[in-house]
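**Student:** Structure: work36.cif, mmCIF, C-alpha atoms and all ligand atoms.
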data_input
loop_
_atom_site.label_atom_id
_atom_site.label_comp_id
_atom_site.auth_asym_id
_atom_site.auth_seq_id
_atom_site.Cartn_x
_atom_site.Cartn_y
_atom_site.Cartn_z
CA MET A 23 -0.39 30.21 5.54
CA ALA A 24 -3.60 29.46 3.66
CA SER A 25 -6.84 29.80 5.63
CA PRO A 26 -9.06 26.72 6.08
CA THR A 27 -11.43 28.20 3.49
CA GLN A 28 -8.59 28.61 1.02
CA ASN A 29 -7.39 25.08 1.75
CA GLY A 30 -10.91 23.78 1.18
CA ALA A 31 -11.13 25.61 -2.13
CA VAL A 32 -7.73 24.29 -3.23
CA THR A 33 -8.73 20.74 -2.27
CA GLN A 34 -12.01 21.02 -4.16
CA TYR A 35 -10.20 22.40 -7.20
CA SER A 36 -7.57 19.62 -7.03
CA LYS A 37 -10.28 16.96 -6.75
CA ALA A 38 -12.17 18.41 -9.71
CA LEU A 39 -8.96 18.60 -11.78
CA ALA A 40 -7.94 15.08 -10.76
CA ALA A 41 -11.38 13.76 -11.67
CA CYS A 42 -11.28 15.07 -15.22
CA GLN A 43 -7.54 14.96 -15.94
CA PRO A 44 -5.75 12.77 -13.39
CA GLY A 45 -2.45 12.71 -15.33
CA ILE A 46 -2.29 16.49 -15.58
CA ALA A 47 -3.22 16.97 -11.91
CA ARG A 48 -0.42 14.64 -10.83
CA ARG A 49 2.11 16.42 -13.09
CA VAL A 50 1.10 19.87 -11.84
CA TYR A 51 1.33 18.64 -8.24
CA ASP A 52 4.74 17.02 -8.83
CA ALA A 53 6.11 20.08 -10.65
CA SER A 54 5.08 22.48 -7.86
CA ARG A 55 6.44 20.09 -5.28
CA SER A 56 9.81 19.79 -7.08
CA LEU A 57 10.01 23.58 -7.30
CA LEU A 58 9.27 23.95 -3.59
CA HIS A 59 11.81 21.29 -2.69
CA GLY A 60 14.41 23.01 -4.89
CA LEU A 61 13.91 26.16 -2.82
CA PHE A 62 13.40 24.40 0.52
CA PRO A 63 15.06 20.95 0.61
CA PRO A 64 12.96 18.35 2.46
CA SER A 65 13.71 17.57 6.06
CA CYS A 66 13.40 14.13 7.63
CA TYR A 67 9.90 13.45 8.95
CA LEU A 68 11.33 11.52 11.90
CA CYS A 69 14.39 13.49 13.05
CA LEU A 70 14.33 16.80 11.11
CA ASP A 71 17.82 16.24 9.65
CA PRO A 72 18.05 16.96 5.90
CA GLY A 73 15.95 14.51 3.88
CA GLN A 74 16.95 12.97 0.55
CA PRO A 75 16.68 15.26 -2.48
CA PRO A 76 14.69 15.91 -4.48
CA ALA A 77 11.60 15.06 -2.42
CA PHE A 78 12.03 12.21 0.04
CA GLU A 79 11.26 13.21 3.62
CA LEU A 80 13.42 10.62 5.39
CA CYS A 81 17.16 10.94 6.02
CA PRO A 82 19.38 7.96 5.07
CA GLY A 83 19.96 7.19 8.78
CA CYS A 84 16.26 6.95 9.64
CA GLU A 85 15.56 4.97 6.46
CA GLY A 86 18.29 2.49 7.45
CA ASP A 87 16.97 2.19 11.02
CA LEU A 88 13.42 1.18 10.04
CA PRO A 89 12.47 -2.34 11.25
CA ARG A 90 13.16 -4.67 8.31
CA ASN A 91 11.03 -7.76 7.81
CA HIS A 92 13.78 -10.25 7.10
CA PRO A 93 13.94 -13.19 6.87
CA ALA A 94 10.33 -13.59 5.77
CA CYS A 95 8.19 -16.36 4.29
CA PRO A 96 8.16 -16.03 0.46
CA GLY A 97 4.47 -16.99 0.45
CA CYS A 98 2.99 -14.58 3.00
CA ALA A 99 5.89 -12.46 4.33
CA ALA A 100 5.47 -13.71 7.90
CA PRO A 101 8.73 -13.62 9.88
CA VAL A 102 10.56 -16.97 9.70
CA PRO A 103 13.75 -18.18 11.40
CA GLU A 104 15.88 -18.45 8.27
CA CYS A 105 16.11 -17.07 4.76
CA GLY A 106 14.05 -18.99 2.18
CA ALA A 107 12.01 -20.93 4.77
CA TRP A 108 8.22 -21.09 4.35
CA CYS A 109 6.04 -20.54 7.41
CA ALA A 110 3.97 -23.38 8.87
CA ALA A 111 0.67 -21.87 7.68
CA CYS A 112 1.80 -21.64 4.03
CA ARG A 113 3.23 -25.17 4.18
CA GLN A 114 -0.12 -26.41 5.45
CA ARG A 115 -2.35 -24.55 3.03
CA PRO A 116 -1.25 -22.73 -0.13
CA ARG A 117 -2.50 -19.17 -0.45
CA ALA A 118 -4.62 -17.74 -3.26
CA PHE A 119 -1.65 -15.51 -4.19
CA ASP A 120 1.75 -16.79 -5.32
CA ALA A 121 4.13 -14.60 -3.35
CA ALA A 122 4.25 -11.73 -0.89
CA PHE A 123 6.87 -9.05 -0.38
CA VAL A 124 6.61 -6.79 2.66
CA PRO A 125 9.94 -5.13 3.50
CA TYR A 126 9.16 -3.71 6.97
CA ARG A 127 7.59 -4.87 10.19
CA TYR A 128 4.60 -3.14 11.72
CA GLU A 129 6.63 -1.80 14.64
CA PHE A 130 7.79 1.64 15.71
CA PRO A 131 8.23 3.91 13.79
CA MET A 132 6.55 2.24 10.77
CA ALA A 133 3.39 1.60 12.81
CA GLU A 134 3.26 5.27 13.79
CA LEU A 135 3.81 6.46 10.20
CA ILE A 136 1.03 4.19 8.94
CA HIS A 137 -1.33 5.17 11.73
CA ARG A 138 -0.87 8.88 10.98
CA PHE A 139 -1.19 8.23 7.25
CA LYS A 140 -4.39 6.26 7.62
CA TYR A 141 -6.25 7.72 10.55
CA ARG A 142 -4.99 11.26 10.99
CA GLY A 143 -5.36 12.47 7.42
CA GLN A 144 -1.62 12.84 6.79
CA VAL A 145 -1.94 11.77 3.17
CA ALA A 146 1.54 13.10 2.33
CA LEU A 147 3.00 10.16 4.27
CA GLY A 148 1.92 8.02 1.33
CA ARG A 149 4.96 9.35 -0.52
CA ILE A 150 7.31 8.08 2.21
CA LEU A 151 5.62 4.67 2.46
CA GLY A 152 5.27 4.25 -1.31
CA THR A 153 8.88 5.30 -1.94
CA LEU A 154 10.18 2.92 0.71
CA LEU A 155 8.23 0.01 -0.76
CA ALA A 156 9.33 0.89 -4.30
CA ARG A 157 12.99 1.15 -3.28
CA ARG A 158 13.02 -2.23 -1.57
CA LEU A 159 11.18 -3.80 -4.54
CA ALA A 160 13.70 -2.29 -6.98
CA GLU A 161 16.54 -3.87 -5.01
CA ARG A 162 15.13 -7.31 -5.89
CA GLY A 163 15.48 -6.75 -9.64
CA PRO A 164 12.87 -6.23 -12.36
CA PRO A 165 9.28 -6.77 -11.17
CA ARG A 166 7.59 -10.00 -12.34
CA VAL A 167 4.17 -8.42 -12.79
CA ASP A 168 2.41 -6.50 -15.57
CA ALA A 169 0.24 -4.20 -13.46
CA VAL A 170 -0.32 -2.85 -9.97
CA LEU A 171 -3.72 -3.02 -8.26
CA PRO A 172 -4.36 -1.21 -4.96
CA VAL A 173 -6.80 -2.96 -2.60
CA PRO A 174 -10.06 -1.09 -3.25
CA LEU A 175 -11.90 0.59 -0.39
CA HIS A 176 -15.67 0.68 -0.30
CA PRO A 177 -16.76 4.07 -1.75
CA ALA A 178 -18.43 5.00 1.56
CA ARG A 179 -15.23 4.40 3.53
CA GLU A 180 -13.11 6.18 0.93
CA ALA A 181 -15.44 9.17 1.03
CA ARG A 182 -15.16 9.29 4.83
CA ARG A 183 -11.36 9.06 4.81
CA GLY A 184 -10.94 11.25 1.75
CA TYR A 185 -8.54 8.86 0.03
CA ASN A 186 -7.67 5.21 -0.34
CA GLN A 187 -4.39 4.62 1.49
CA ALA A 188 -3.51 1.60 -0.68
CA ARG A 189 -4.11 3.66 -3.84
CA GLU A 190 -1.75 6.39 -2.60
CA ILE A 191 1.06 3.91 -1.91
CA ALA A 192 0.43 2.00 -5.14
CA GLY A 193 0.65 5.22 -7.17
CA PHE A 194 4.21 5.90 -6.01
CA VAL A 195 5.22 2.26 -6.47
CA ALA A 196 3.80 2.11 -10.01
CA ASP A 197 5.50 5.38 -10.98
CA ALA A 198 8.86 4.33 -9.56
CA LEU A 199 8.83 0.88 -11.17
CA GLY A 200 7.33 2.01 -14.49
CA LEU A 201 4.27 -0.24 -14.12
CA PRO A 202 0.67 0.62 -15.03
CA LEU A 203 -1.62 1.35 -12.10
CA GLN A 204 -4.91 -0.43 -12.74
CA ALA A 205 -7.03 0.82 -9.86
CA ALA A 206 -10.24 0.20 -11.83
CA LEU A 207 -9.50 -3.51 -12.26
CA ALA A 208 -11.42 -4.33 -9.09
CA ARG A 209 -13.94 -2.63 -6.86
CA ARG A 210 -15.37 -3.27 -3.46
CA ILE A 211 -19.02 -4.17 -3.78
CA ARG A 212 -19.78 -4.94 -0.15
CA HIS A 213 -19.29 -2.71 2.86
CA THR A 214 -17.44 -4.83 5.44
CA GLU A 215 -16.66 -4.44 9.10
CA GLU A 216 -13.27 -2.91 9.94
CA GLN A 217 -10.91 -5.90 9.93
CA ALA A 218 -9.01 -4.44 12.91
CA ALA A 219 -12.11 -4.82 15.04
CA LEU A 220 -12.40 -8.53 14.31
CA PRO A 221 -10.48 -11.56 15.55
CA ALA A 222 -8.32 -13.22 12.89
CA ILE A 223 -10.56 -16.25 12.70
CA VAL A 224 -13.54 -14.34 11.28
CA ARG A 225 -11.65 -11.95 9.00
CA ALA A 226 -11.93 -14.28 5.99
CA SER A 227 -15.71 -14.56 6.24
CA ASN A 228 -15.98 -10.80 6.78
CA VAL A 229 -14.47 -10.07 3.36
CA ARG A 230 -16.03 -12.98 1.43
CA GLY A 231 -17.64 -11.68 -1.75
CA ALA A 232 -16.41 -8.16 -1.04
CA PHE A 233 -14.72 -7.60 -4.41
CA GLU A 234 -15.69 -7.59 -8.04
CA VAL A 235 -13.00 -7.90 -10.70
CA ARG A 236 -13.80 -5.96 -13.84
CA GLY A 237 -12.32 -5.84 -17.32
CA ALA A 238 -12.68 -8.41 -20.06
CA VAL A 239 -8.96 -9.08 -20.33
CA PRO A 240 -7.21 -8.68 -16.99
CA PRO A 241 -3.40 -8.60 -16.94
CA LEU A 242 -1.81 -12.03 -16.54
CA ARG A 243 0.50 -11.00 -13.70
CA VAL A 244 -0.71 -8.59 -11.03
CA ALA A 245 0.69 -7.13 -7.81
CA ILE A 246 -1.93 -6.30 -5.19
CA VAL A 247 -0.73 -3.35 -3.08
CA ASP A 248 -1.83 -2.58 0.47
CA ASP A 249 -0.44 -0.59 3.37
CA VAL A 250 -0.31 -3.38 5.99
CA LEU A 251 -0.49 -7.14 5.58
CA THR A 252 -1.84 -8.97 8.63
CA THR A 253 -3.72 -12.27 8.23
CA GLY A 254 -3.90 -11.74 4.46
CA ALA A 255 -7.66 -12.42 4.45
CA THR A 256 -8.48 -9.30 2.43
CA VAL A 257 -5.81 -9.76 -0.25
CA GLU A 258 -6.59 -13.47 -0.39
CA GLU A 259 -10.22 -12.75 -1.25
CA LEU A 260 -9.15 -10.25 -3.90
CA ALA A 261 -6.59 -12.73 -5.29
CA ARG A 262 -9.31 -15.37 -5.64
CA GLY A 263 -11.34 -12.96 -7.76
CA LEU A 264 -8.33 -12.11 -9.91
CA ARG A 265 -7.53 -15.80 -10.38
CA ALA A 266 -11.14 -16.53 -11.44
CA ALA A 267 -10.93 -13.65 -13.92
CA GLY A 268 -7.86 -15.18 -15.57
CA CYS A 269 -4.79 -13.79 -13.75
CA ARG A 270 -2.04 -16.41 -13.65
CA HIS A 271 0.50 -14.88 -11.26
CA ILE A 272 -0.49 -12.77 -8.27
CA GLU A 273 1.88 -11.12 -5.81
CA VAL A 274 1.07 -9.08 -2.72
CA TRP A 275 3.15 -6.03 -1.89
CA ALA A 276 2.68 -4.05 1.31
CA ALA A 277 4.73 -1.58 3.33
CA ALA A 278 4.52 -3.32 6.70
CA ARG A 279 3.86 -6.84 8.00
CA ALA A 280 1.94 -7.25 11.24
CA ALA A 281 1.76 -10.55 13.09
CA GLY A 282 -0.90 -12.77 11.53
CA HIS A 283 -2.25 -16.31 11.35
CA GLY A 284 -4.59 -15.71 14.29
CA ASP A 285 -1.79 -14.86 16.68
CA GLY A 286 -3.31 -11.66 17.94
CA ALA A 287 -2.36 -9.24 15.17
CA GLN A 288 -3.61 -5.76 15.82
CA ALA A 289 -2.76 -3.77 12.70
CA PRO A 290 -5.70 -1.56 11.81
CA ARG A 291 -7.41 -2.07 8.45
ZN ZN A 301 15.99 11.19 10.05
ZN ZN A 302 3.84 -17.99 4.85
#
Just give me the structure as structure tokens.
**Tutor:**
Amino acid sequence: MASPTQNGAVTQYSKALAACQPGIARRVYDASRSLLHGLFPPSCYLCLDPGQPPAFELCPGCEGDLPRNHPACPGCAAPVPECGAWCAACRQRPRAFDAAFVPYRYEFPMAELIHRFKYRGQVALGRILGTLLARRLAERGPPRVDAVLPVPLHPAREARRGYNQAREIAGFVADALGLPLQAALARRIRHTEEQAALPAIVRASNVRGAFEVRGAVPPLRVAIVDDVLTTGATVEELARGLRAAGCRHIEVWAAARAAGHGDGAQAPR
């Protein structure tokens, strides 16, 4: 096993390589991972049964048992009583984005996977969450967007966490669906309070003016990717910026849907 010092050196080297040649770094990482998984097939993260070759750390049984978010509102992915029905909030007030697709509910074990991914530094769980989201998206047919945009983190928060969890998930989704990842399309220009610490009613004002959309010619159709969708205040603010910059069709894709609309949602941001 590598010592902490060795791990630190490897991480520093990977970061430096990724900074100058991100495509090469990803290919080197994927190639070494495929080789390792050829020698040692992955085991399921949840039950330790064999995973799914070549590199998916969930067995088919555990994948099938995850809490699906269906039926869900086409506008915001909130649970609804029947397929195709829109929730009361979306019927009352249209959202800044056109559609939302969130295949799982923020319940055990998805909530645990996301918590470990986001707050305990288990960045490798991004592969599981990103692959799950990509698989469920692929089942719906060809994507109706031209690019994928992860919700940006403020640089200070990203530096503290070491990665942007939305960027990790979006990378796997973009790869799997053959879409360009346009992480530089927007940036967070204002450091905001943790949304999880705030009641739903003030989340919208907390993120107002938090994003800047860059690029003279943004793609016409964009999917915003996040890990958890709760009230939608963050993605709504980002969608407004994209719309003002010229985007015509905006979807929101996330791995898990927590309860929202001010009903006491507690998914961490
Ligand atoms: Zn399993
Ligand atoms: Zn809705």
**Student:** Find the nearest atom pair between each residue of chain A and ligand ZN 301 (chain A) for residues within 12 Å, count all atoms listed in the file, give distances in Å to one decimal, sort rows by chain and ascending number, and present the table as JSON lines.
**Tutor:**
{"residue": "A:Pro64", "atom": "CA", "partner": "A:ZN301", "partner_atom": "ZN", "distance": 10.9}
{"residue": "A:Ser65", "atom": "CA", "partner": "A:ZN301", "partner_atom": "ZN", "distance": 7.9}
{"residue": "A:Cys66", "atom": "CA", "partner": "A:ZN301", "partner_atom": "ZN", "distance": 4.6}
{"residue": "A:Tyr67", "atom": "CA", "partner": "A:ZN301", "partner_atom": "ZN", "distance": 6.6}
{"residue": "A:Leu68", "atom": "CA", "partner": "A:ZN301", "partner_atom": "ZN", "distance": 5.0}
{"residue": "A:Cys69", "atom": "CA", "partner": "A:ZN301", "partner_atom": "ZN", "distance": 4.1}
{"residue": "A:Leu70", "atom": "CA", "partner": "A:ZN301", "partner_atom": "ZN", "distance": 5.9}
{"residue": "A:Asp71", "atom": "CA", "partner": "A:ZN301", "partner_atom": "ZN", "distance": 5.4}
{"residue": "A:Pro72", "atom": "CA", "partner": "A:ZN301", "partner_atom": "ZN", "distance": 7.4}
{"residue": "A:Gly73", "atom": "CA", "partner": "A:ZN301", "partner_atom": "ZN", "distance": 7.0}
{"residue": "A:Gln74", "atom": "CA", "partner": "A:ZN301", "partner_atom": "ZN", "distance": 9.7}
{"residue": "A:Phe78", "atom": "CA", "partner": "A:ZN301", "partner_atom": "ZN", "distance": 10.8}
{"residue": "A:Glu79", "atom": "CA", "partner": "A:ZN301", "partner_atom": "ZN", "distance": 8.2}
{"residue": "A:Leu80", "atom": "CA", "partner": "A:ZN301", "partner_atom": "ZN", "distance": 5.4}
{"residue": "A:Cys81", "atom": "CA", "partner": "A:ZN301", "partner_atom": "ZN", "distance": 4.2}
{"residue": "A:Pro82", "atom": "CA", "partner": "A:ZN301", "partner_atom": "ZN", "distance": 6.8}
{"residue": "A:Gly83", "atom": "CA", "partner": "A:ZN301", "partner_atom": "ZN", "distance": 5.8}
{"residue": "A:Cys84", "atom": "CA", "partner": "A:ZN301", "partner_atom": "ZN", "distance": 4.3}
{"residue": "A:Glu85", "atom": "CA", "partner": "A:ZN301", "partner_atom": "ZN", "distance": 7.2}
{"residue": "A:Gly86", "atom": "CA", "partner": "A:ZN301", "partner_atom": "ZN", "distance": 9.4}
{"residue": "A:Asp87", "atom": "CA", "partner": "A:ZN301", "partner_atom": "ZN", "distance": 9.1}
{"residue": "A:Leu88", "atom": "CA", "partner": "A:ZN301", "partner_atom": "ZN", "distance": 10.3}
{"residue": "A:Pro131", "atom": "CA", "partner": "A:ZN301", "partner_atom": "ZN", "distance": 11.3}
**Student:** Throw together the list of residues within 9 Å of ligand ZN 302 (chain A), counting all atoms listed in the file, and drop it here as a ChimeraX atom specification.
**Tutor:** /A:94-102,107-113,116-117,121-122
**Student:** Just the number, please: distance in Å from atom CA of Ala178 of chain A to atom CA of Gly143 of chain A, one decimal.
**Tutor:**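 That distance, rounded to one decimal, is 16.2 Å.
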**Student:** In Å, rounded to a single decimal, give me how far atom CA of Pro93 of chain A is from atom CA of Val167 of chain A.
**Tutor:**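 Between atom CA of Val167 of chain A and atom CA of Pro93 of chain A the gap is 22.5 Å.
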**Student:** Take atom CA of Gln204 of chain A and atom CA of Arg236 of chain A and report the distance between them in Å, one decimal.
**Tutor:**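 Between these atoms lies a distance of 10.5 Å.
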**Student:** Using all atoms listed in the file, collect all residues at a distance of at most 8 Å from (-13.9, -5.3, 4.8) as written in the file, then present them as an MDAnalysis selection string.
**Tutor:** chainID A and resid 212:217 228:229 232 256
**Student:** Using all atoms listed in the file, which of the listed residues (A:Phe130, A:Asp168, A:Ile272, A:Pro76) sits closest to Gly200 of chain A?
**Tutor:**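 Of A:Phe130, A:Asp168, A:Ile272, A:Pro76, the one nearest Gly200 of chain A, counting all atoms listed in the file, is A:Asp168.
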**Student:** Taking only C-alpha atoms into account, name the residue in A:Pro164, A:Pro75, A:Gly263, A:Pro221 that is nearest to Gly237 of chain A.
**Tutor:** A:Gly263
**Student:** Which neighbours of Ala261 of chain A fall inside 10 Å, counting all atoms listed in the file, when residues of the same chain fewer than 5 positions from it are skipped, and could you give them as a PyMOL selection string?
**Tutor:** chain A and resi 117-120+233+235+244-246+255-256+266-267+269+271-274
**Student:** Pick from A:Gly254, A:Gly152, A:Gly231, A:Pro177: nearest to Gly193 of chain A, with only C-alpha atoms counted?
**Tutor:**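 Under the stated criterion, the closest residue is A:Gly152.
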**Student:** I'd like to know which of A:Leu159, A:Leu201, A:Ala188, A:Leu135 is closest to Pro172 of chain A, using only C-alpha atoms.
**Tutor:** A:Ala188
